[in-house]
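S.K.: Structure file start.pdb, PDB, C-alpha atoms, is pasted below:
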ATOM      1  CA  MET A  13      15.083 -51.426   0.004
ATOM      2  CA  THR A  14      13.907 -49.073  -2.758
ATOM      3  CA  SER A  15      11.634 -46.081  -2.097
ATOM      4  CA  VAL A  16       9.357 -44.950  -4.928
ATOM      5  CA  THR A  17       6.502 -42.527  -5.407
ATOM      6  CA  PRO A  18       3.713 -44.521  -7.023
ATOM      7  CA  GLU A  19       0.981 -43.205  -9.252
ATOM      8  CA  ILE A  20      -2.088 -42.777  -7.067
ATOM      9  CA  LYS A  21      -5.595 -43.221  -8.390
ATOM     10  CA  GLY A  22      -8.874 -43.163  -6.527
ATOM     11  CA  GLY A  23     -11.270 -40.973  -4.644
ATOM     12  CA  MET A  24     -14.280 -41.203  -2.403
ATOM     13  CA  ASP A  25     -16.143 -44.504  -2.296
ATOM     14  CA  ASP A  26     -19.819 -43.587  -2.710
ATOM     15  CA  ALA A  27     -20.944 -46.669  -0.804
ATOM     16  CA  THR A  28     -18.856 -46.085   2.337
ATOM     17  CA  GLY A  29     -18.036 -42.393   2.168
ATOM     18  CA  LEU A  30     -14.353 -43.264   2.644
ATOM     19  CA  TYR A  31     -11.524 -42.287   0.369
ATOM     20  CA  ARG A  32      -9.913 -45.218  -1.426
ATOM     21  CA  TYR A  33      -6.682 -45.075  -3.363
ATOM     22  CA  VAL A  34      -4.909 -47.417  -5.781
ATOM     23  CA  TYR A  35      -1.111 -47.387  -5.770
ATOM     24  CA  GLU A  36       0.358 -48.471  -9.110
ATOM     25  CA  LEU A  37       3.976 -49.610  -9.371
ATOM     26  CA  ASP A  38       5.929 -50.077 -12.588
ATOM     27  CA  ARG A  39       6.007 -53.787 -13.424
ATOM     28  CA  ASN A  40       9.625 -53.440 -14.573
ATOM     29  CA  MET A  41      10.543 -53.107 -10.891
ATOM     30  CA  PHE A  42       9.785 -56.831 -10.603
ATOM     31  CA  ALA A  43      11.476 -58.006 -13.797
ATOM     32  CA  GLN A  44      14.103 -60.112 -12.012
ATOM     33  CA  ASP A  45      13.456 -63.422 -10.263
ATOM     34  CA  GLY A  46      13.425 -63.051  -6.505
ATOM     35  CA  LEU A  47      11.459 -62.605  -3.293
ATOM     36  CA  TYR A  48       9.777 -59.208  -3.074
ATOM     37  CA  LYS A  49       8.197 -57.409  -0.126
ATOM     38  CA  VAL A  50       6.095 -54.321  -0.752
ATOM     39  CA  GLN A  51       5.623 -51.899   2.145
ATOM     40  CA  VAL A  52       3.332 -48.882   1.829
ATOM     41  CA  ARG A  53       3.434 -45.832   4.085
ATOM     42  CA  SER A  54       1.170 -42.882   3.396
ATOM     43  CA  THR A  55       0.290 -39.638   5.174
ATOM     44  CA  ASP A  56      -2.974 -37.748   4.643
ATOM     45  CA  GLU A  57      -3.409 -33.973   4.581
ATOM     46  CA  ALA A  58      -4.029 -33.939   8.337
ATOM     47  CA  GLY A  59      -0.720 -35.700   8.975
ATOM     48  CA  ASN A  60      -2.221 -39.091   9.894
ATOM     49  CA  LEU A  61       0.136 -41.959   9.064
ATOM     50  CA  SER A  62      -1.017 -45.252   7.561
ATOM     51  CA  GLU A  63       1.277 -48.180   6.731
ATOM     52  CA  ASN A  64       1.226 -51.898   6.028
ATOM     53  CA  ILE A  65       4.469 -52.660   7.841
ATOM     54  CA  ASP A  66       4.101 -55.480  10.360
ATOM     55  CA  GLU A  67       5.864 -55.236  13.711
ATOM     56  CA  VAL A  68       8.743 -57.643  14.336
ATOM     57  CA  ASP A  69      10.771 -58.584  17.389
ATOM     58  CA  ASP A  70      14.558 -58.576  17.749
ATOM     59  CA  ASN A  71      14.756 -62.001  16.103
ATOM     60  CA  GLY A  72      12.828 -60.903  13.043
ATOM     61  CA  ASN A  73       9.611 -62.722  13.973
ATOM     62  CA  VAL A  74       6.347 -60.931  13.111
ATOM     63  CA  THR A  75       4.513 -59.926  16.285
ATOM     64  CA  THR A  76       1.512 -58.259  14.649
ATOM     65  CA  PRO A  77      -1.626 -60.389  15.260
ATOM     66  CA  GLU A  78      -2.336 -62.493  12.186
ATOM     67  CA  LYS A  79      -5.675 -60.834  11.410
ATOM     68  CA  TYR A  80      -3.931 -57.455  11.260
ATOM     69  CA  GLN A  81      -0.948 -58.571   9.195
ATOM     70  CA  CYS A  82      -0.911 -56.806   5.839
ATOM     71  CA  THR A  83       2.656 -56.850   4.506
ATOM     72  CA  LEU A  84       2.576 -57.780   0.826
ATOM     73  CA  SER A  85       5.233 -60.301  -0.216
ATOM     74  CA  PHE A  86       5.509 -62.479  -3.315
ATOM     75  CA  VAL A  87       7.979 -64.400  -5.446
ATOM     76  CA  ILE A  88       8.842 -63.982  -9.123
ATOM     77  CA  ASP A  89      10.154 -67.343 -10.324
ATOM     78  CA  ASN A  90      10.781 -68.356 -13.934
ATOM     79  CA  VAL A  91      13.333 -71.095 -13.256
ATOM     80  CA  ASP A  92      12.438 -74.791 -13.566
ATOM     81  CA  PRO A  93      13.096 -77.226 -10.720
ATOM     82  CA  GLU A  94      16.164 -79.395 -11.174
ATOM     83  CA  PHE A  95      16.707 -83.092 -10.504
ATOM     84  CA  LYS A  96      20.008 -83.407  -8.682
ATOM     85  CA  GLN A  97      20.194 -87.177  -8.577
ATOM     86  CA  ILE A  98      18.363 -90.242  -9.868
ATOM     87  CA  THR A  99      19.640 -93.656  -8.804
ATOM     88  CA  GLY A 100      18.463 -97.221  -9.284
ATOM     89  CA  LEU A 101      18.145 -96.953 -13.060
ATOM     90  CA  GLU A 102      21.779 -97.507 -14.005
ATOM     91  CA  LYS A 103      20.930-100.727 -15.881
ATOM     92  CA  LYS A 104      18.277-101.548 -18.494
ATOM     93  CA  ARG A 105      17.210-104.862 -16.963
ATOM     94  CA  TYR A 106      16.686-106.078 -13.393
ATOM     95  CA  ARG A 107      15.988-109.688 -12.419
ATOM     96  CA  GLU A 108      13.627-108.816  -9.532
ATOM     97  CA  ASP A 109       9.928-108.903  -8.667
ATOM     98  CA  SER A 110      10.148-105.200  -7.751
ATOM     99  CA  HIS A 111      12.899-102.614  -7.846
ATOM    100  CA  GLU A 112      13.561 -99.476  -5.780
ATOM    101  CA  ILE A 113      14.638 -96.201  -7.345
ATOM    102  CA  ASN A 114      15.610 -92.923  -5.648
ATOM    103  CA  PHE A 115      15.578 -89.281  -6.646
ATOM    104  CA  ALA A 116      16.532 -85.849  -5.335
ATOM    105  CA  VAL A 117      15.073 -82.653  -6.796
ATOM    106  CA  ALA A 118      15.574 -79.005  -5.824
ATOM    107  CA  ASP A 119      13.981 -75.625  -6.471
ATOM    108  CA  THR A 120      14.928 -72.116  -5.395
ATOM    109  CA  TYR A 121      11.582 -70.999  -3.978
ATOM    110  CA  GLY A 122       9.629 -74.163  -3.244
ATOM    111  CA  LEU A 123       8.301 -77.349  -4.822
ATOM    112  CA  ALA A 124       4.604 -78.031  -5.223
ATOM    113  CA  ARG A 125       4.561 -81.551  -6.622
ATOM    114  CA  VAL A 126       6.942 -84.334  -7.685
ATOM    115  CA  SER A 127       5.568 -87.278  -9.684
ATOM    116  CA  VAL A 128       7.104 -90.538 -10.865
ATOM    117  CA  LEU A 129       5.391 -92.244 -13.790
ATOM    118  CA  SER A 130       5.681 -95.661 -15.378
ATOM    119  CA  GLY A 131       4.308 -95.104 -18.845
ATOM    120  CA  GLU A 132       1.132 -93.065 -18.260
ATOM    121  CA  THR A 133       0.587 -94.396 -14.730
ATOM    122  CA  VAL A 134       1.592 -92.284 -11.722
ATOM    123  CA  VAL A 135       3.522 -94.667  -9.479
ATOM    124  CA  ALA A 136       4.228 -92.159  -6.710
ATOM    125  CA  GLU A 137       3.547 -88.486  -6.063
ATOM    126  CA  TYR A 138       4.855 -86.129  -3.369
ATOM    127  CA  LEU A 139       2.688 -83.064  -2.619
ATOM    128  CA  CYS A 140       3.280 -79.846  -0.670
ATOM    129  CA  ALA A 141       0.821 -78.691   1.997
ATOM    130  CA  ALA A 142      -1.045 -76.328  -0.358
ATOM    131  CA  GLU A 143      -1.580 -79.105  -2.925
ATOM    132  CA  ILE A 144      -2.881 -81.427  -0.206
ATOM    133  CA  ASP A 145      -5.243 -78.749   1.102
ATOM    134  CA  ALA A 146      -6.576 -78.259  -2.432
ATOM    135  CA  LEU A 147      -7.457 -81.960  -2.525
ATOM    136  CA  GLY A 148      -9.307 -81.709   0.791
ATOM    137  CA  GLY A 149      -6.607 -82.780   3.245
ATOM    138  CA  GLU A 150      -4.429 -85.830   3.832
ATOM    139  CA  THR A 151      -7.451 -88.112   4.210
ATOM    140  CA  LYS A 152      -8.192 -87.484   0.519
ATOM    141  CA  LEU A 153      -4.780 -88.612  -0.703
ATOM    142  CA  ALA A 154      -4.644 -91.623  -2.997
ATOM    143  CA  ALA A 155      -2.535 -94.637  -2.111
ATOM    144  CA  ASN A 156       0.280 -93.430  -4.371
ATOM    145  CA  GLN A 157       0.353 -89.902  -2.899
ATOM    146  CA  LYS A 158       2.221 -88.663   0.164
ATOM    147  CA  PRO A 159       3.134 -85.327   1.784
ATOM    148  CA  MET A 160       6.510 -83.752   1.216
ATOM    149  CA  PRO A 161       8.690 -83.458   4.318
ATOM    150  CA  ASP A 162       7.943 -79.915   5.577
ATOM    151  CA  GLU A 163      11.547 -79.091   6.335
ATOM    152  CA  LEU A 164      12.636 -79.873   2.765
ATOM    153  CA  THR A 165       9.985 -78.246   0.591
ATOM    154  CA  LEU A 166      11.790 -74.900   0.256
ATOM    155  CA  GLU A 167      15.006 -76.418  -1.037
ATOM    156  CA  SER A 168      14.736 -80.028  -2.093
ATOM    157  CA  VAL A 169      12.793 -83.252  -1.912
ATOM    158  CA  SER A 170      14.205 -86.770  -1.836
ATOM    159  CA  GLY A 171      12.100 -89.844  -2.368
ATOM    160  CA  ASP A 172      12.145 -93.622  -2.680
ATOM    161  CA  VAL A 173       9.836 -95.310  -5.187
ATOM    162  CA  MET A 174       9.184 -99.019  -5.665
ATOM    163  CA  LEU A 175       8.639-100.138  -9.258
ATOM    164  CA  GLN A 176       6.744-103.371  -9.802
ATOM    165  CA  GLY A 177       7.923-105.966 -12.311
ATOM    166  CA  GLY A 178       5.974-106.908 -15.419
ATOM    167  CA  LYS A 179       6.000-108.605 -18.803
ATOM    168  CA  SER A 180       7.129-105.561 -20.745
ATOM    169  CA  ALA A 181       9.617-102.721 -20.514
ATOM    170  CA  GLN A 182       8.616 -99.631 -18.533
ATOM    171  CA  THR A 183       9.299 -96.020 -19.492
ATOM    172  CA  ILE A 184      10.069 -94.116 -16.287
ATOM    173  CA  THR A 185       9.459 -90.359 -16.204
ATOM    174  CA  PHE A 186      10.062 -87.886 -13.368
ATOM    175  CA  VAL A 187       8.054 -84.647 -13.248
ATOM    176  CA  ALA A 188       8.715 -81.792 -10.808
ATOM    177  CA  VAL A 189       6.474 -78.712 -10.534
ATOM    178  CA  ASP A 190       7.394 -75.741  -8.365
ATOM    179  CA  LYS A 191       4.997 -73.352  -6.627
ATOM    180  CA  ALA A 192       5.190 -70.900  -9.542
ATOM    181  CA  GLY A 193       4.103 -73.598 -12.006
ATOM    182  CA  ASN A 194       7.511 -74.145 -13.638
ATOM    183  CA  THR A 195       7.830 -77.782 -14.704
ATOM    184  CA  TYR A 196      10.762 -80.122 -15.286
ATOM    185  CA  THR A 197       9.987 -83.387 -17.108
ATOM    186  CA  THR A 198      12.814 -85.854 -17.647
ATOM    187  CA  GLY A 199      13.196 -86.907 -21.253
ATOM    188  CA  SER A 200      11.827 -83.631 -22.621
ATOM    189  CA  ALA A 201      13.690 -82.213 -25.602
ATOM    190  CA  ASP A 202      14.134 -78.856 -23.867
ATOM    191  CA  GLN A 203      15.688 -80.359 -20.732
ATOM    192  CA  LYS A 204      19.253 -81.498 -20.287
ATOM    193  CA  PRO A 205      19.603 -85.306 -20.271
ATOM    194  CA  LEU A 206      20.244 -87.075 -16.978
ATOM    195  CA  GLY A 207      22.416 -90.131 -16.508
ATOM    196  CA  PHE A 208      19.840 -92.900 -16.156
ATOM    197  CA  HIS A 209      18.026 -95.411 -18.355
ATOM    198  CA  GLN A 210      14.490 -94.185 -18.898
ATOM    199  CA  LYS A 211      13.310 -97.523 -20.312
ATOM    200  CA  VAL A 212      13.827-100.557 -18.051
ATOM    201  CA  THR A 213      12.608-104.122 -17.728
ATOM    202  CA  ILE A 214      11.949-105.587 -14.274
ATOM    203  CA  SER A 215      11.130-109.302 -14.131
ATOM    204  CA  THR A 216      12.245-112.650 -12.753
ATOM    205  CA  ASN A 217      11.177-114.280 -16.024
ATOM    206  CA  GLY A 218      14.310-115.025 -18.041
ATOM    207  CA  PHE A 219      12.443-114.999 -21.347
ATOM    208  CA  VAL A 220      10.971-111.542 -20.649
ATOM    209  CA  LEU A 221      14.453-110.207 -19.862
ATOM    210  CA  TYR A 222      15.814-111.903 -22.986
ATOM    211  CA  ILE A 223      13.317-110.478 -25.485
ATOM    212  CA  HIS A 224      13.972-106.971 -24.124
ATOM    213  CA  ASN A 225      17.728-107.405 -24.570
ATOM    214  CA  THR A 226      18.238-106.084 -28.097
ATOM    215  CA  TRP A 227      21.819-107.289 -28.460
ATOM    216  CA  ALA A 228      20.971-110.763 -27.210
ATOM    217  CA  VAL A 229      18.164-111.051 -29.755
ATOM    218  CA  VAL A 230      20.399-109.717 -32.560
ATOM    219  CA  LEU A 231      23.214-112.137 -31.684
ATOM    220  CA  THR A 232      20.722-115.008 -31.540
ATOM    221  CA  VAL A 233      19.387-114.122 -34.989
ATOM    222  CA  VAL A 234      22.932-113.868 -36.342
ATOM    223  CA  ALA A 235      23.853-117.211 -34.773
ATOM    224  CA  LEU A 236      20.743-118.904 -36.189
ATOM    225  CA  ALA A 237      21.443-117.391 -39.592
ATOM    226  CA  ALA A 238      25.016-118.663 -39.440
ATOM    227  CA  ILE A 239      23.820-122.155 -38.459
ATOM    228  CA  ALA A 240      21.222-122.134 -41.240
ATOM    229  CA  PHE A 241      23.842-121.037 -43.747
ATOM    230  CA  GLY A 242      26.207-123.760 -42.527
ATOM    231  CA  VAL A 243      23.521-126.438 -42.895
ATOM    232  CA  TRP A 244      22.572-125.165 -46.362
ATOM    233  CA  TYR A 245      26.206-125.008 -47.427
ATOM    234  CA  GLY A 246      26.887-128.528 -46.121
ATOM    235  CA  VAL A 247      23.828-129.995 -47.856
ATOM    236  CA  SER A 248      24.652-128.209 -51.139
ATOM    237  CA  LYS A 249      28.238-129.435 -51.072
ATOM    238  CA  LYS A 250      27.107-132.995 -50.354
ATOM    239  CA  LYS A 251      24.683-132.928 -53.268
ATOM    240  CA  LYS A 252      27.437-131.692 -55.604
ATOM    241  CA  ARG A 253      29.737-134.546 -54.525
ATOM    242  CA  GLU A 254      26.969-137.082 -55.026
ATOM    243  CA  GLY A 255      26.187-135.602 -58.455
ATOM    244  CA  ALA A 256      29.820-135.760 -59.471
ATOM    245  CA  ALA A 257      30.129-139.366 -58.305
ATOM    246  CA  SER A 258      27.143-140.480 -60.363
TER     247      SER A 258
END
Since I need it in another form, could you write the structure as structure tokens?
M.R.:
Amino acid sequence: MTSVTPEIKGGMDDATGLYRYVYELDRNMFAQDGLYKVQVRSTDEAGNLSENIDEVDDNGNVTTPEKYQCTLSFVIDNVDPEFKQITGLEKKRYREDSHEINFAVADTYGLARVSVLSGETVVAEYLCAAEIDALGGETKLAANQKPMPDELTLESVSGDVMLQGGKSAQTITFVAVDKAGNTYTTGSADQKPLGFHQKVTISTNGFVLYIHNTWAVVLTVVALAAIAFGVWYGVSKKKKREGAAS
């Protein structure tokens, strides 16, 4: 705990007749990331003490009634969330109608939202309690939205997402936003690459899987070119023999 003498500004409030004061603290005191708690204790000229320190019990639980609680605490956070694990995207092609993928993401001070996108479409989205409240409660959640597990929101969130198959390849993107607004988007140039295929094809149609297999298409073209060359060479050689015979 650090004790400081702040700069005090203020005076009598003409509307109420009470003295009001503004305590200004140097912003450099909060330059480092971390959880801060500001406690103010002041004494007037008559010796009356005023403070914003809430009472706590032996276990550290605040016992001051909620309406009287006034301890000021906040977090300075400039660090992006981090995806710890992404599984289910180890291959580029899956012969399935639908395919499940999994992720685990962590943040030091709390996650606000985790989204999984296929192209521009949000396939699934996990929201913290504050985000849900901002939408109007759980009854306002869309079919692809769900609450984060309460016990995990301060450290990490794990989720399972089902991707539906289609006729074209899908570009899968994971986006995590923490409560300070820091964002991690997989595939971004300023983020470290993760070990998964961002572009995948999910289908039970063999032709769809084939046309999205670059090497298979290249080898087919090479094989067809070789066959065409062989046919041309054979026909040319035959014509030369026939010409020589005549």
S.K.: Using Å and a single decimal, report how far atom CA of Ile113 of chain A sits from atom CA of Asp92 of chain A.
M.R.: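 Atom CA of Ile113 of chain A lies 22.4 Å from atom CA of Asp92 of chain A.
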S.K.: Could you spell out the hits of the PyMOL selection byres ((chain A and resi 125) around 8) on the shown file, as a ChimeraX atom specification?
M.R.: /A:123-124,126-127,137-140,143,188-190
S.K.: Suppose you want the space between atom CA of Ile214 of chain A and atom CA of Pro161 of chain A; what is it in Å?
M.R.: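 Distance reported for this atom pair: 29.1 Å.
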S.K.: Write out as CSV the residues of segment 71-133 of chain A that have any atom within 12 Å of an atom of segment 39-45 of chain A, one row each with the nearest atom pair and its distance in Å to one decimal, counting only C-alpha atoms, sorted by chain and then rising number.
M.R.:
residue,atom,partner,partner_atom,distance
A:Ser85,CA,A:Phe42,CA,11.9
A:Phe86,CA,A:Phe42,CA,10.2
A:Val87,CA,A:Asp45,CA,7.4
A:Ile88,CA,A:Asp45,CA,4.8
A:Asp89,CA,A:Asp45,CA,5.1
A:Asn90,CA,A:Asp45,CA,6.7
A:Val91,CA,A:Asp45,CA,8.2
A:Asp92,CA,A:Asp45,CA,11.9
A:Thr120,CA,A:Asp45,CA,10.1
A:Tyr121,CA,A:Asp45,CA,10.0
S.K.: Tell me which residues the PyMOL selection byres ((chain A and resi 96-110) around 9) grabs here, as a PDB file with C-alpha atoms, in the frame of the given file.
M.R.:
ATOM      1  CA  GLU A  94      16.164 -79.395 -11.174  1.00  0.00           C
ATOM      2  CA  PHE A  95      16.707 -83.092 -10.504  1.00  0.00           C
ATOM      3  CA  HIS A 111      12.899-102.614  -7.846  1.00  0.00           C
ATOM      4  CA  GLU A 112      13.561 -99.476  -5.780  1.00  0.00           C
ATOM      5  CA  ILE A 113      14.638 -96.201  -7.345  1.00  0.00           C
ATOM      6  CA  ASN A 114      15.610 -92.923  -5.648  1.00  0.00           C
ATOM      7  CA  PHE A 115      15.578 -89.281  -6.646  1.00  0.00           C
ATOM      8  CA  ALA A 116      16.532 -85.849  -5.335  1.00  0.00           C
ATOM      9  CA  VAL A 117      15.073 -82.653  -6.796  1.00  0.00           C
ATOM     10  CA  ALA A 118      15.574 -79.005  -5.824  1.00  0.00           C
ATOM     11  CA  MET A 174       9.184 -99.019  -5.665  1.00  0.00           C
ATOM     12  CA  LEU A 175       8.639-100.138  -9.258  1.00  0.00           C
ATOM     13  CA  GLN A 176       6.744-103.371  -9.802  1.00  0.00           C
ATOM     14  CA  GLY A 177       7.923-105.966 -12.311  1.00  0.00           C
ATOM     15  CA  GLY A 178       5.974-106.908 -15.419  1.00  0.00           C
ATOM     16  CA  ALA A 181       9.617-102.721 -20.514  1.00  0.00           C
ATOM     17  CA  LEU A 206      20.244 -87.075 -16.978  1.00  0.00           C
ATOM     18  CA  GLY A 207      22.416 -90.131 -16.508  1.00  0.00           C
ATOM     19  CA  PHE A 208      19.840 -92.900 -16.156  1.00  0.00           C
ATOM     20  CA  HIS A 209      18.026 -95.411 -18.355  1.00  0.00           C
ATOM     21  CA  GLN A 210      14.490 -94.185 -18.898  1.00  0.00           C
ATOM     22  CA  LYS A 211      13.310 -97.523 -20.312  1.00  0.00           C
ATOM     23  CA  VAL A 212      13.827-100.557 -18.051  1.00  0.00           C
ATOM     24  CA  THR A 213      12.608-104.122 -17.728  1.00  0.00           C
ATOM     25  CA  ILE A 214      11.949-105.587 -14.274  1.00  0.00           C
ATOM     26  CA  SER A 215      11.130-109.302 -14.131  1.00  0.00           C
ATOM     27  CA  THR A 216      12.245-112.650 -12.753  1.00  0.00           C
ATOM     28  CA  ASN A 217      11.177-114.280 -16.024  1.00  0.00           C
ATOM     29  CA  GLY A 218      14.310-115.025 -18.041  1.00  0.00           C
ATOM     30  CA  LEU A 221      14.453-110.207 -19.862  1.00  0.00           C
ATOM     31  CA  HIS A 224      13.972-106.971 -24.124  1.00  0.00           C
ATOM     32  CA  ASN A 225      17.728-107.405 -24.570  1.00  0.00           C
TER      33      ASN A 225
END
S.K.: Please give the centre and size of the box around segment 180-187 of chain A (axis-aligned, containing every atom listed in the file, 3 Å added per side), with values in Å to one decimal and written as JSON.
M.R.:
{"center_x": 8.6, "center_y": -95.1, "center_z": -17.0, "size_x": 8.9, "size_y": 26.9, "size_z": 13.5}
S.K.: Which distance in Å separates atom CA of Pro93 of chain A and atom CA of Val134 of chain A, to one decimal?
M.R.: 19.0 Å
S.K.: With the file shown as input, list the residues that the PyMOL selection byres ((chain A and resi 156) around 9) selects, as an NGL selection string.
M.R.: :A and (134-138 or 153-155 or 157-158)
S.K.: Mind checking which residues fall within 10 Å of Glu63 of chain A, counting all atoms listed in the file, ignoring those fewer than 5 positions away in the same chain, and posting them as a list in words?
M.R.: Gln51, Val52, Arg53, Ser54, Thr55, Cys82 and Thr83 of chain A
S.K.: Smallest atom-to-atom distance to Val187 of chain A: which of A:Pro159, A:Leu129, A:Val169, A:Ala146, using all atoms listed in the file?
M.R.: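 Of A:Pro159, A:Leu129, A:Val169, A:Ala146, the one nearest Val187 of chain A is A:Leu129, counting all atoms listed in the file.
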S.K.: Which of these residues is nearest to Thr197 of chain A, using only C-alpha atoms: A:Val128, A:Ala141, A:Val74, A:Val173?
M.R.: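 Closest to Thr197 of chain A of all the choices is A:Val128.
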S.K.: Quick one: of A:Gly199, A:Gly59, A:Gly131, A:Gly148, who's nearest to Thr183 of chain A, counting only C-alpha atoms?
M.R.: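 Nearest to Thr183 of chain A: A:Gly131.
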